[in-house]
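What's in structure33.cif: mmCIF, C-alpha atoms and all ligand atoms
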data_coords
loop_
_atom_site.label_atom_id
_atom_site.label_comp_id
_atom_site.auth_asym_id
_atom_site.auth_seq_id
_atom_site.Cartn_x
_atom_site.Cartn_y
_atom_site.Cartn_z
CA MET K 73 137.07 112.53 -23.19
CA ALA K 74 135.15 112.78 -19.92
CA ALA K 75 137.34 112.35 -16.87
CA SER K 76 136.58 109.02 -15.20
CA ARG K 77 134.72 109.36 -11.92
CA ASN K 78 136.49 108.80 -8.68
CA PRO K 79 134.94 105.68 -7.05
CA LEU K 80 135.17 107.39 -3.64
CA GLU K 81 133.02 110.16 -5.02
CA ASP K 82 130.38 107.58 -5.96
CA LEU K 83 130.50 106.08 -2.52
CA ARG K 84 130.18 109.49 -0.89
CA GLU K 85 127.12 110.24 -3.00
CA THR K 86 125.48 106.93 -2.18
CA LEU K 87 126.12 107.40 1.52
CA SER K 88 124.75 110.91 1.59
CA HIS K 89 121.68 109.69 -0.29
CA LEU K 90 121.18 106.91 2.24
CA THR K 91 121.66 109.36 5.11
CA GLU K 92 118.98 111.60 3.62
CA GLN K 93 116.64 108.63 3.32
CA LEU K 94 117.20 107.73 6.92
CA LYS K 95 116.30 111.24 8.01
CA LEU K 96 112.88 110.95 6.37
CA PRO K 97 110.01 110.85 8.86
CA GLY K 98 108.60 107.41 9.41
CA SER K 99 111.83 105.77 8.40
CA GLU K 100 110.94 102.66 10.34
CA ARG K 101 110.93 100.61 7.16
CA VAL K 102 114.37 101.83 6.19
CA ASP K 103 115.47 100.93 9.71
CA ASP K 104 114.12 97.46 9.15
CA LEU K 105 115.94 97.18 5.88
CA VAL K 106 119.23 98.35 7.34
CA GLY K 107 118.70 96.19 10.41
CA ASP K 108 118.14 93.16 8.20
CA LEU K 109 121.11 93.96 6.02
CA PHE K 110 123.53 94.43 8.87
CA GLY K 111 121.93 92.59 11.74
CA GLY K 112 121.63 89.31 9.89
CA ARG K 113 118.73 86.95 10.24
CA PRO K 114 119.00 84.75 13.28
CA GLY K 115 118.20 81.06 13.12
CA PRO K 116 115.09 79.67 14.81
CA ALA K 117 114.60 80.75 18.44
CA ARG K 118 115.87 78.28 21.00
CA PRO K 119 113.30 77.29 23.62
CA LEU K 120 113.57 79.22 26.88
CA SER K 121 114.34 76.04 28.85
CA GLU K 122 117.40 75.36 26.71
CA VAL K 123 118.83 78.87 27.14
CA GLN K 124 117.99 78.78 30.85
CA ALA K 125 119.90 75.49 31.17
CA GLU K 126 122.94 77.07 29.55
CA LEU K 127 122.79 79.95 32.00
CA ASP K 128 122.41 77.56 34.93
CA ALA K 129 125.47 75.63 33.77
CA LEU K 130 127.71 78.69 34.18
CA VAL K 131 129.95 78.33 37.19
CA GLY K 132 128.99 80.47 40.22
CA LEU K 133 127.15 83.72 39.43
CA GLU K 134 124.28 82.72 41.74
CA THR K 135 122.95 86.24 42.31
CA VAL K 136 123.23 87.03 38.61
CA LYS K 137 121.24 83.90 37.72
CA GLU K 138 118.59 84.77 40.28
CA GLN K 139 118.19 88.30 38.94
CA VAL K 140 117.98 87.10 35.35
CA ARG K 141 115.34 84.55 36.36
CA ALA K 142 113.32 87.31 38.03
CA LEU K 143 113.55 89.55 34.96
CA VAL K 144 112.34 86.80 32.66
CA ALA K 145 109.57 85.71 35.06
CA LEU K 146 108.24 89.26 35.18
CA LEU K 147 108.03 89.36 31.41
CA GLN K 148 106.26 86.02 31.31
CA VAL K 149 103.68 87.11 33.88
CA GLN K 150 103.11 90.37 32.03
CA ALA K 151 102.57 88.41 28.83
CA ARG K 152 99.97 86.23 30.60
CA ARG K 153 98.25 89.35 31.95
CA LYS K 154 98.05 90.68 28.43
CA ALA K 155 96.57 87.38 27.24
CA HIS K 156 93.86 87.76 29.92
CA GLY K 157 93.05 91.27 28.74
CA LEU K 158 94.71 92.87 31.76
CA PRO K 159 96.91 95.95 31.39
CA GLU K 160 100.63 95.33 31.04
CA VAL K 161 102.90 97.26 33.34
CA ALA K 162 105.54 98.61 30.99
CA THR K 163 108.89 98.19 32.72
CA SER K 164 112.24 99.26 31.37
CA GLN K 165 114.44 96.32 30.42
CA HIS K 166 117.63 98.34 30.06
CA LEU K 167 120.33 97.12 32.40
CA VAL K 168 123.64 98.02 33.96
CA PHE K 169 126.15 95.17 34.33
CA LEU K 170 128.74 95.97 36.95
CA GLY K 171 131.84 93.84 37.13
CA ASN K 172 135.51 93.48 36.46
CA PRO K 173 136.80 92.14 33.14
CA GLY K 174 136.24 88.44 32.54
CA THR K 175 133.41 88.02 35.03
CA GLY K 176 130.96 86.73 32.42
CA LYS K 177 129.11 89.92 31.46
CA THR K 178 129.15 89.36 27.70
CA THR K 179 128.30 85.69 28.12
CA VAL K 180 125.24 86.47 30.25
CA ALA K 181 124.17 89.37 28.00
CA ARG K 182 124.14 87.04 25.01
CA LEU K 183 122.01 84.47 26.85
CA LEU K 184 119.68 87.15 28.17
CA ALA K 185 119.14 88.45 24.63
CA GLU K 186 118.12 84.95 23.59
CA MET K 187 115.78 84.68 26.56
CA TYR K 188 114.13 87.96 25.65
CA ARG K 189 113.54 86.52 22.22
CA ALA K 190 112.16 83.26 23.63
CA VAL K 191 109.57 85.13 25.74
CA GLY K 192 108.62 87.39 22.84
CA LEU K 193 110.11 90.69 24.02
CA LEU K 194 112.59 90.91 21.14
CA GLN K 195 112.08 89.58 17.65
CA LYS K 196 115.66 88.65 16.87
CA GLY K 197 117.45 88.49 20.20
CA HIS K 198 120.91 89.03 18.76
CA LEU K 199 123.65 90.86 20.62
CA VAL K 200 125.55 93.79 19.14
CA GLU K 201 128.60 94.49 21.30
CA VAL K 202 130.41 97.81 21.01
CA ASP K 203 132.68 100.01 23.04
CA ARG K 204 133.37 103.72 22.79
CA SER K 205 135.25 103.40 19.51
CA GLY K 206 132.19 101.85 17.86
CA LEU K 207 129.99 104.80 18.76
CA VAL K 208 132.15 107.91 18.79
CA GLY K 209 133.49 109.56 15.63
CA GLN K 210 136.48 111.81 15.12
CA TYR K 211 134.67 114.83 13.69
CA VAL K 212 131.69 116.99 14.51
CA GLY K 213 128.58 115.17 13.33
CA ALA K 214 130.29 111.80 12.83
CA THR K 215 129.29 110.48 16.24
CA ALA K 216 125.55 110.80 15.69
CA ILE K 217 125.81 108.90 12.39
CA LYS K 218 128.02 106.19 13.88
CA THR K 219 125.85 105.70 16.96
CA ASP K 220 122.69 105.67 14.88
CA ARG K 221 124.11 103.01 12.61
CA VAL K 222 125.03 100.76 15.51
CA ILE K 223 121.60 101.19 17.05
CA ARG K 224 119.92 100.19 13.79
CA ARG K 225 122.02 97.06 13.70
CA ALA K 226 120.91 96.25 17.23
CA LEU K 227 117.17 96.80 16.66
CA ASP K 228 115.08 93.82 17.86
CA GLY K 229 118.07 92.65 19.86
CA VAL K 230 120.37 93.83 22.61
CA LEU K 231 122.91 96.61 22.30
CA PHE K 232 125.74 95.85 24.73
CA ILE K 233 128.04 98.79 25.43
CA ASP K 234 131.20 97.60 27.12
CA GLU K 235 133.18 100.03 29.28
CA ALA K 236 130.38 102.54 28.79
CA TYR K 237 132.02 104.94 31.27
CA ALA K 238 134.50 105.81 28.51
CA LEU K 239 131.66 107.80 26.92
CA SER K 240 131.77 110.29 29.77
CA PRO K 241 135.43 111.15 30.40
CA GLU K 242 135.86 112.75 33.77
CA ASP K 243 138.35 115.42 32.80
CA GLY K 244 135.66 117.36 30.93
CA ARG K 245 137.82 117.85 27.85
CA MET K 246 136.15 118.47 24.51
CA ASP K 247 134.77 115.08 23.68
CA PHE K 248 132.10 113.54 21.45
CA GLY K 249 131.19 110.81 23.99
CA PRO K 250 128.28 112.80 25.45
CA GLU K 251 126.89 113.23 21.93
CA ALA K 252 126.72 109.44 21.62
CA ILE K 253 124.87 109.30 24.95
CA GLU K 254 122.35 111.89 23.73
CA VAL K 255 121.66 109.91 20.56
CA LEU K 256 121.41 106.71 22.54
CA LEU K 257 118.88 108.16 24.98
CA LYS K 258 116.78 109.52 22.14
CA ARG K 259 116.78 106.24 20.22
CA MET K 260 116.00 104.23 23.34
CA GLU K 261 112.83 106.28 23.54
CA ASP K 262 112.02 106.11 19.80
CA HIS K 263 112.52 102.35 19.69
CA ARG K 264 111.43 101.42 23.17
CA HIS K 265 109.74 98.23 21.98
CA ARG K 266 112.59 97.12 19.76
CA LEU K 267 115.76 97.73 21.69
CA VAL K 268 117.25 96.66 24.98
CA VAL K 269 120.45 98.41 26.00
CA ILE K 270 122.95 96.97 28.47
CA VAL K 271 125.80 99.18 29.62
CA ALA K 272 128.71 97.44 31.31
CA GLY K 273 131.89 98.30 33.15
CA TYR K 274 133.81 98.52 36.43
CA PRO K 275 131.56 99.40 39.36
CA GLN K 276 133.11 102.74 40.45
CA LEU K 277 133.49 104.18 36.97
CA MET K 278 129.95 103.21 35.98
CA GLU K 279 128.56 105.23 38.87
CA ALA K 280 130.19 108.36 37.44
CA PHE K 281 128.85 107.46 33.99
CA LEU K 282 125.26 107.10 35.22
CA LEU K 283 125.48 110.48 36.91
CA SER K 284 126.96 112.18 33.85
CA ASN K 285 123.60 112.68 32.15
CA PRO K 286 120.34 113.08 34.10
CA GLY K 287 118.51 110.86 31.59
CA LEU K 288 120.72 107.85 32.19
CA ARG K 289 119.96 106.93 35.79
CA SER K 290 116.23 106.75 35.29
CA ARG K 291 116.44 104.64 32.13
CA PHE K 292 118.85 102.11 33.60
CA ALA K 293 116.93 101.33 36.73
CA ARG K 294 118.31 97.84 37.28
CA GLU K 295 121.85 96.89 38.06
CA ILE K 296 123.31 93.41 38.08
CA THR K 297 126.63 92.89 39.83
CA PHE K 298 129.09 90.29 38.58
CA PRO K 299 131.42 89.33 41.44
CA ASP K 300 135.02 88.25 40.97
CA TYR K 301 135.41 84.48 40.83
CA SER K 302 136.86 82.55 43.75
CA VAL K 303 139.84 80.26 43.19
CA ASP K 304 137.46 77.29 43.43
CA ALA K 305 135.20 78.73 40.76
CA LEU K 306 138.14 79.44 38.45
CA GLN K 307 139.38 75.90 38.93
CA THR K 308 135.94 74.54 38.04
CA ILE K 309 135.81 76.78 34.95
CA PHE K 310 139.24 75.50 33.88
CA ASN K 311 138.16 71.90 34.45
CA GLN K 312 135.02 72.49 32.39
CA MET K 313 137.20 73.66 29.52
CA LEU K 314 139.32 70.50 29.83
CA VAL K 315 136.24 68.29 29.68
CA GLN K 316 134.63 70.25 26.88
CA HIS K 317 137.72 70.00 24.68
CA GLU K 318 138.71 66.50 25.77
CA TYR K 319 141.94 67.25 27.56
CA THR K 320 143.12 65.95 30.92
CA LEU K 321 145.71 66.99 33.49
CA GLU K 322 148.51 64.58 34.37
CA PRO K 323 148.36 63.35 37.98
CA GLY K 324 149.50 66.13 40.29
CA ALA K 325 149.06 68.94 37.76
CA ASP K 326 145.89 70.14 39.44
CA GLU K 327 148.06 71.22 42.35
CA MET K 328 149.98 73.51 39.98
CA LEU K 329 146.70 74.78 38.53
CA ARG K 330 145.50 75.65 42.01
CA ARG K 331 148.73 77.49 42.78
CA ILE K 332 148.53 79.51 39.59
CA LEU K 333 144.91 80.47 40.18
CA SER K 334 145.65 81.39 43.81
CA GLY K 335 148.49 83.59 42.60
CA ILE K 336 146.29 85.98 40.63
CA HIS K 337 144.76 88.67 42.73
CA ALA K 338 141.06 89.24 42.54
CA GLY K 339 140.16 92.59 41.08
CA GLU K 340 140.27 94.60 37.91
CA ASP K 341 143.50 93.13 36.60
CA SER K 342 143.04 89.47 37.43
CA GLY K 343 141.18 88.62 34.22
CA ASN K 344 138.87 86.28 36.13
CA ALA K 345 137.35 83.64 33.84
CA ARG K 346 139.09 85.19 30.86
CA PHE K 347 142.39 84.38 32.58
CA ALA K 348 141.27 80.76 32.97
CA ARG K 349 140.51 80.63 29.25
CA THR K 350 143.79 82.26 28.20
CA LEU K 351 145.73 79.97 30.54
CA PHE K 352 144.03 76.96 28.97
CA GLU K 353 144.83 78.14 25.46
CA GLN K 354 148.41 78.97 26.39
CA ALA K 355 148.82 75.51 27.98
CA LEU K 356 147.76 73.92 24.68
CA ASN K 357 150.54 75.84 22.94
CA ARG K 358 153.04 74.65 25.52
CA GLN K 359 151.90 71.07 25.18
CA ALA K 360 152.28 71.22 21.39
CA LEU K 361 155.72 72.76 21.67
CA ARG K 362 156.82 70.14 24.21
CA LEU K 363 155.63 67.29 22.02
CA SER K 364 157.19 68.74 18.89
CA LEU K 365 160.57 69.31 20.58
CA ASP K 366 160.83 65.73 21.77
CA GLU K 367 163.52 64.42 19.45
CA ASP K 368 162.77 60.79 20.22
CA ARG K 369 159.24 61.12 19.01
CA ASN K 370 157.62 61.65 15.68
CA LEU K 371 154.47 63.79 15.95
CA ASP K 372 152.61 61.32 13.72
CA THR K 373 153.05 58.53 16.25
CA LEU K 374 151.66 60.34 19.28
CA ASP K 375 149.07 58.25 21.06
CA ARG K 376 145.69 59.36 22.35
CA ASP K 377 146.89 59.91 25.91
CA GLU K 378 149.82 62.05 24.84
CA VAL K 379 147.70 64.44 22.80
CA MET K 380 145.13 64.66 25.59
CA THR K 381 147.43 65.29 28.52
CA LEU K 382 148.57 68.64 29.88
CA THR K 383 151.48 68.42 32.31
CA THR K 384 152.47 70.41 35.38
CA ASP K 385 155.19 72.05 33.28
CA ASP K 386 152.75 72.97 30.52
CA LEU K 387 150.67 74.86 33.07
CA ASP K 388 153.68 76.41 34.78
CA GLU K 389 155.18 77.68 31.53
CA ALA K 390 151.78 78.88 30.29
CA ALA K 391 151.30 80.92 33.46
CA ARG K 392 154.77 82.41 33.22
CA ALA K 393 154.18 83.32 29.57
CA LEU K 394 151.13 85.23 30.79
CA GLY K 395 153.17 86.98 33.44
CA ALA K 396 151.37 85.09 36.19
CA GLY K 397 153.66 82.64 37.89
CA PRO K 398 152.25 80.21 40.43
CA ALA K 399 151.88 81.21 44.06
CA PRO K 400 154.64 79.83 46.33
CA GLU K 401 154.23 76.19 47.23
CA PRO K 402 152.20 75.80 50.41
CA GLN K 403 154.46 74.78 53.31
CA SER K 404 153.32 71.62 55.01
CA ASP K 405 154.81 72.66 58.35
CA PRO K 406 154.82 76.42 58.42
CA GLU K 407 157.39 78.24 60.53
CA PRO K 408 155.71 79.66 63.62
CA SER K 409 155.42 83.39 63.14
CA ARG K 410 157.39 86.00 65.05
CA TRP K 411 154.21 86.83 66.86
CA TRP K 412 153.80 83.26 68.00
CA HIS K 413 157.30 83.29 69.57
CA TRP K 414 156.47 86.56 71.22
CA LEU K 415 153.17 85.26 72.60
CA THR K 416 154.65 82.06 73.96
N1 LIG G 1 130.64 81.49 35.00
C1 LIG G 1 131.35 81.06 33.95
N2 LIG G 1 131.44 79.75 33.71
C2 LIG G 1 132.17 79.32 32.68
N3 LIG G 1 132.86 80.11 31.83
C3 LIG G 1 132.79 81.42 32.01
C4 LIG G 1 132.03 81.98 33.08
N4 LIG G 1 132.15 83.30 33.04
C5 LIG G 1 132.95 83.58 32.00
N5 LIG G 1 133.33 82.46 31.37
C6 LIG G 1 134.23 82.39 30.21
O1 LIG G 1 135.23 83.37 30.39
C7 LIG G 1 135.46 84.15 29.23
C8 LIG G 1 135.20 85.61 29.52
O2 LIG G 1 133.83 85.83 29.77
P1 LIG G 1 133.06 87.12 29.22
O3 LIG G 1 133.61 87.53 27.91
O4 LIG G 1 131.60 86.83 29.29
O5 LIG G 1 133.45 88.15 30.34
P2 LIG G 1 133.27 89.72 30.36
O6 LIG G 1 132.83 90.07 31.72
O7 LIG G 1 132.41 90.14 29.22
O8 LIG G 1 134.75 90.21 30.14
P3 LIG G 1 135.32 91.54 29.46
O9 LIG G 1 134.98 92.64 30.40
O10 LIG G 1 136.78 91.22 29.41
O11 LIG G 1 134.66 91.68 28.13
C9 LIG G 1 134.56 83.57 28.17
O12 LIG G 1 135.35 82.70 27.43
C10 LIG G 1 133.50 82.78 28.93
O13 LIG G 1 133.09 81.67 28.21
MG MG G 2 132.86 91.27 27.52
#

Just dump the structure as structure tokens.
Amino acid sequence: MAASRNPLEDLRETLSHLTEQLKLPGSERVDDLVGDLFGGRPGPARPLSEVQAELDALVGLETVKEQVRALVALLQVQARRKAHGLPEVATSQHLVFLGNPGTGKTTVARLLAEMYRAVGLLQKGHLVEVDRSGLVGQYVGATAIKTDRVIRRALDGVLFIDEAYALSPEDGRMDFGPEAIEVLLKRMEDHRHRLVVIVAGYPQLMEAFLLSNPGLRSRFAREITFPDYSVDALQTIFNQMLVQHEYTLEPGADEMLRRILSGIHAGEDSGNARFARTLFEQALNRQALRLSLDEDRNLDTLDRDEVMTLTTDDLDEAARALGAGPAPEPQSDPEPSRWWHWLT
């Protein structure tokens, strides 16, 4: 009796066959097929005005919005030039997003991808987000295959590489990151009309990344900086989440919110808008726990106000659970400082 075949063996054969196919010259159609299989078919394009309105509604980010508007306007003017039979000036659309975690980079990248679709630069306008682990393999040769696959998924959309600096470790140890960069640069050239790449990360580390390969700097000519949010902006973002999900703060709780948001220090570790979101979600947990622990109440009899309201304690406990207690209460009549005594 013939030994039954190992299913893994079948899979290996299929994969190697596919890999061979993809190596064939003029494999654009295979790319399309794979892109369609993995990239999914997006719904109908949203009109530019609608996507623009969503971008405008984001809190703060004024310089980011201005730069995005300029990018899109340039494309629109170039399209009009083409319509008039004038030569288009081919400009690179690849971008560097500089900013700390939670400053809105992914959110803006997703909207920008849609805008590129709305003005006809990209056919699908989807966003494929990866970090180092999505591009780099464990063995010799694995990285090129992995990176290639991700790029095919991103064709006709935006490839967003978060913490891209991790592809060029500074200590110079044996690493496959640079191989991913090589493949990326090559494919950006091969597919220059079908792929926009955005690399993102902390400002200082991204500088080292861009210098790590001479091809990178010239291809990513534009940089957009995402500043840390102010306490006011974070408070507005939190309030937007309340409105959007139909919650309210009990009277006085906004003072606690302000203290919590003032207590986080701007910078890499603050979490920025992501902190506001996590705090909101954590406060919902606290509210639910509080309501369920109330022995006098049956959860089925809770009224509308009760299920809508977040209390000062909900926020306080949520912040503590996140390791971010509120800043000390502001003193209404602060003690004059030592220096003041000394001066007077
Ligand atoms: N300006 C803003 N207005 C409203 N909500 C925002 C704003 N910026 C970010 N957010 C919200 O904060 C969260 C984090 O944003 P986003 O994922 O875009 O940040 P990021 O810079 O990509 O962060 P990370 O580096 O951690 O991936 C999301 O839930 C997003 O909806
Ligand atoms: Mg992100």

Need the axis-aligned box for ligand LIG 1 (chain G) with 3 Å each side, so what are the centre and edges in Å to one decimal, as lines of an AutoDock Vina configuration file?
center_x = 133.7
center_y = 86.0
center_z = 31.2
size_x = 12.1
size_y = 19.3
size_z = 13.6

Top pick for closest residue to ligand MG 2 (chain G), considering K:Leu170, K:Val315, K:Ala252, K:Met260 and counting only C-alpha atoms and all ligand atoms
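Checking each of K:Leu170, K:Val315, K:Ala252, K:Met260 against ligand MG 2 (chain G), counting only C-alpha atoms and all ligand atoms, the winner is K:Leu170.
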
Counting only C-alpha atoms, note down every residue that has an atom within 8 Å of the point (135.6, 108.7, 27.5) (file coordinates), as a ChimeraX atom specification.
/K:204,237-242,247,249

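Shortest separation to K:Ile253 among K:Val208, K:Ile270, K:Val222, K:Leu147 occurs at residue K:Val208, atoms counted being only C-alpha atoms.
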
Using atom CA of K:Arg291 and atom CA of K:Glu261 as the two end points, give the distance in Å to one decimal.
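Separation between atom CA of K:Arg291 and atom CA of K:Glu261: 9.5 Å.
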
Among listed residues K:Ala190, K:Ile223, K:Ala236, K:Met278, nearest ligand MG 2 (chain G) (using all atoms listed in the file):
K:Ala236

Might you pull out every residue within 8 Å of stretch 323-327 of chain K, with all atoms listed in the file counted and same-chain residues fewer than 6 positions away left off, and present them as a PyMOL selection string?
chain K and resi 382-384+387

Could you report the residues within 8 Å of ligand MG 2 (chain G), using only C-alpha atoms and all ligand atoms, as a ChimeraX atom specification?
/K:173-174,176-179,234

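Between ligand LIG 1 (chain G) and the residues K:Leu283, K:Leu321, K:Val202, K:Leu193, the shortest atom-to-atom distance, using all atoms listed in the file, involves K:Val202.
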
Contacts of K:Val212 at 10 Å or less, counting all atoms listed in the file, minus same-chain residues fewer than 4 places along, as an MDAnalysis selection string?
chainID K and resid 216 247:248 251

Go through the chains and note each residue within 8 Å of ligand LIG 1 (chain G), using all atoms listed in the file, then give the set as a PDB file with C-alpha atoms, keeping the file's coordinate frame.
ATOM      1  CA  ALA K 129     125.470  75.630  33.770  1.00  0.00           C
ATOM      2  CA  LEU K 130     127.710  78.690  34.180  1.00  0.00           C
ATOM      3  CA  VAL K 131     129.950  78.330  37.190  1.00  0.00           C
ATOM      4  CA  GLY K 132     128.990  80.470  40.220  1.00  0.00           C
ATOM      5  CA  LEU K 133     127.150  83.720  39.430  1.00  0.00           C
ATOM      6  CA  GLY K 171     131.840  93.840  37.130  1.00  0.00           C
ATOM      7  CA  ASN K 172     135.510  93.480  36.460  1.00  0.00           C
ATOM      8  CA  PRO K 173     136.800  92.140  33.140  1.00  0.00           C
ATOM      9  CA  GLY K 174     136.240  88.440  32.540  1.00  0.00           C
ATOM     10  CA  THR K 175     133.410  88.020  35.030  1.00  0.00           C
ATOM     11  CA  GLY K 176     130.960  86.730  32.420  1.00  0.00           C
ATOM     12  CA  LYS K 177     129.110  89.920  31.460  1.00  0.00           C
ATOM     13  CA  THR K 178     129.150  89.360  27.700  1.00  0.00           C
ATOM     14  CA  THR K 179     128.300  85.690  28.120  1.00  0.00           C
ATOM     15  CA  VAL K 180     125.240  86.470  30.250  1.00  0.00           C
ATOM     16  CA  ALA K 181     124.170  89.370  28.000  1.00  0.00           C
ATOM     17  CA  ASP K 234     131.200  97.600  27.120  1.00  0.00           C
ATOM     18  CA  GLU K 235     133.180 100.030  29.280  1.00  0.00           C
ATOM     19  CA  ALA K 272     128.710  97.440  31.310  1.00  0.00           C
ATOM     20  CA  GLY K 273     131.890  98.300  33.150  1.00  0.00           C
ATOM     21  CA  PHE K 298     129.090  90.290  38.580  1.00  0.00           C
ATOM     22  CA  ALA K 305     135.200  78.730  40.760  1.00  0.00           C
ATOM     23  CA  ILE K 309     135.810  76.780  34.950  1.00  0.00           C
ATOM     24  CA  GLN K 312     135.020  72.490  32.390  1.00  0.00           C
ATOM     25  CA  GLY K 343     141.180  88.620  34.220  1.00  0.00           C
ATOM     26  CA  ASN K 344     138.870  86.280  36.130  1.00  0.00           C
ATOM     27  CA  ALA K 345     137.350  83.640  33.840  1.00  0.00           C
ATOM     28  CA  ARG K 346     139.090  85.190  30.860  1.00  0.00           C
ATOM     29  CA  PHE K 347     142.390  84.380  32.580  1.00  0.00           C
ATOM     30  CA  ALA K 348     141.270  80.760  32.970  1.00  0.00           C
ATOM     31  CA  ARG K 349     140.510  80.630  29.250  1.00  0.00           C
TER      32      ARG K 349
END

Å distance separating atom CA of K:Met313 from atom CA of K:Ala355, one decimal place:
11.9 Å

Skip K:Arg182 itself and residues of its chain fewer than 4 positions away, then list as a list in words all residues within 9 Å of it, counting all atoms listed in the file.
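Once the nearby chain positions are removed, what remains is Lys177, Thr178, Glu186, Met187, Gly197, His198, Leu199, Val230 and Phe232 of chain K.
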
In terms of the shortest atom-to-atom distance over all atoms listed in the file, which of K:Arg152, K:Arg259, K:His317, K:Arg330 is closest to K:Leu227?
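Closest candidate: K:Arg259.
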
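Nearest residue to K:Gln165 among K:Arg289, K:Arg369, K:Arg264, K:His337 is K:Arg264, counting all atoms listed in the file.
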
K:His166 environment, 8 Å, all atoms listed in the file, sequence neighbours closer than 3 positions dropped, as a count of residues only:
7

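Note that atom CA of K:Asp128 and atom CA of K:Arg141 are 10.0 Å apart.
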
As a VMD selection string, please: the residues near stretch 375-377 of chain K (cut-off 10 Å, all atoms listed in the file, same-chain neighbours under 4 positions excluded).
chain K and resid 319 to 320 322 371 381 to 382

With C-alpha atoms kept, could you save the residues just selected as a PDB file, keeping the file's coordinate frame?
ATOM      1  CA  TYR K 319     141.940  67.250  27.560  1.00  0.00           C
ATOM      2  CA  THR K 320     143.120  65.950  30.920  1.00  0.00           C
ATOM      3  CA  GLU K 322     148.510  64.580  34.370  1.00  0.00           C
ATOM      4  CA  LEU K 371     154.470  63.790  15.950  1.00  0.00           C
ATOM      5  CA  THR K 381     147.430  65.290  28.520  1.00  0.00           C
ATOM      6  CA  LEU K 382     148.570  68.640  29.880  1.00  0.00           C
TER       7      LEU K 382
END

For stretch 379-391 of chain K, which lacks atoms in the input, supply N, CA and C atoms and format the output as a tab-separated table (two decimals), keeping the file's coordinate frame.
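Output contents, as saved in part_27.tsv:
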chain	number	residue	atom	x	y	z
K	379	VAL	N	148.28	63.21	23.35
K	379	VAL	CA	147.70	64.44	22.80
K	379	VAL	C	146.59	64.99	23.69
K	380	MET	N	146.18	64.18	24.68
K	380	MET	CA	145.13	64.66	25.59
K	380	MET	C	145.69	65.30	26.85
K	381	THR	N	146.95	64.95	27.18
K	381	THR	CA	147.43	65.29	28.52
K	381	THR	C	148.19	66.60	28.60
K	382	LEU	N	147.81	67.43	29.56
K	382	LEU	CA	148.57	68.64	29.88
K	382	LEU	C	149.35	68.36	31.15
K	383	THR	N	150.63	68.74	31.17
K	383	THR	CA	151.48	68.42	32.31
K	383	THR	C	151.59	69.63	33.25
K	384	THR	N	152.19	69.34	34.41
K	384	THR	CA	152.47	70.41	35.38
K	384	THR	C	153.31	71.50	34.72
K	385	ASP	N	154.32	71.07	33.94
K	385	ASP	CA	155.19	72.05	33.28
K	385	ASP	C	154.44	72.87	32.24
K	386	ASP	N	153.54	72.21	31.52
K	386	ASP	CA	152.75	72.97	30.52
K	386	ASP	C	152.03	74.13	31.21
K	387	LEU	N	151.43	73.82	32.35
K	387	LEU	CA	150.67	74.86	33.07
K	387	LEU	C	151.61	75.93	33.60
K	388	ASP	N	152.72	75.48	34.18
K	388	ASP	CA	153.68	76.41	34.78
K	388	ASP	C	154.20	77.38	33.71
K	389	GLU	N	154.62	76.83	32.59
K	389	GLU	CA	155.18	77.68	31.53
K	389	GLU	C	154.09	78.59	30.93
K	390	ALA	N	152.89	78.05	30.82
K	390	ALA	CA	151.78	78.88	30.29
K	390	ALA	C	151.56	80.08	31.20
K	391	ALA	N	151.55	79.83	32.50
K	391	ALA	CA	151.30	80.92	33.46
K	391	ALA	C	152.42	81.95	33.38
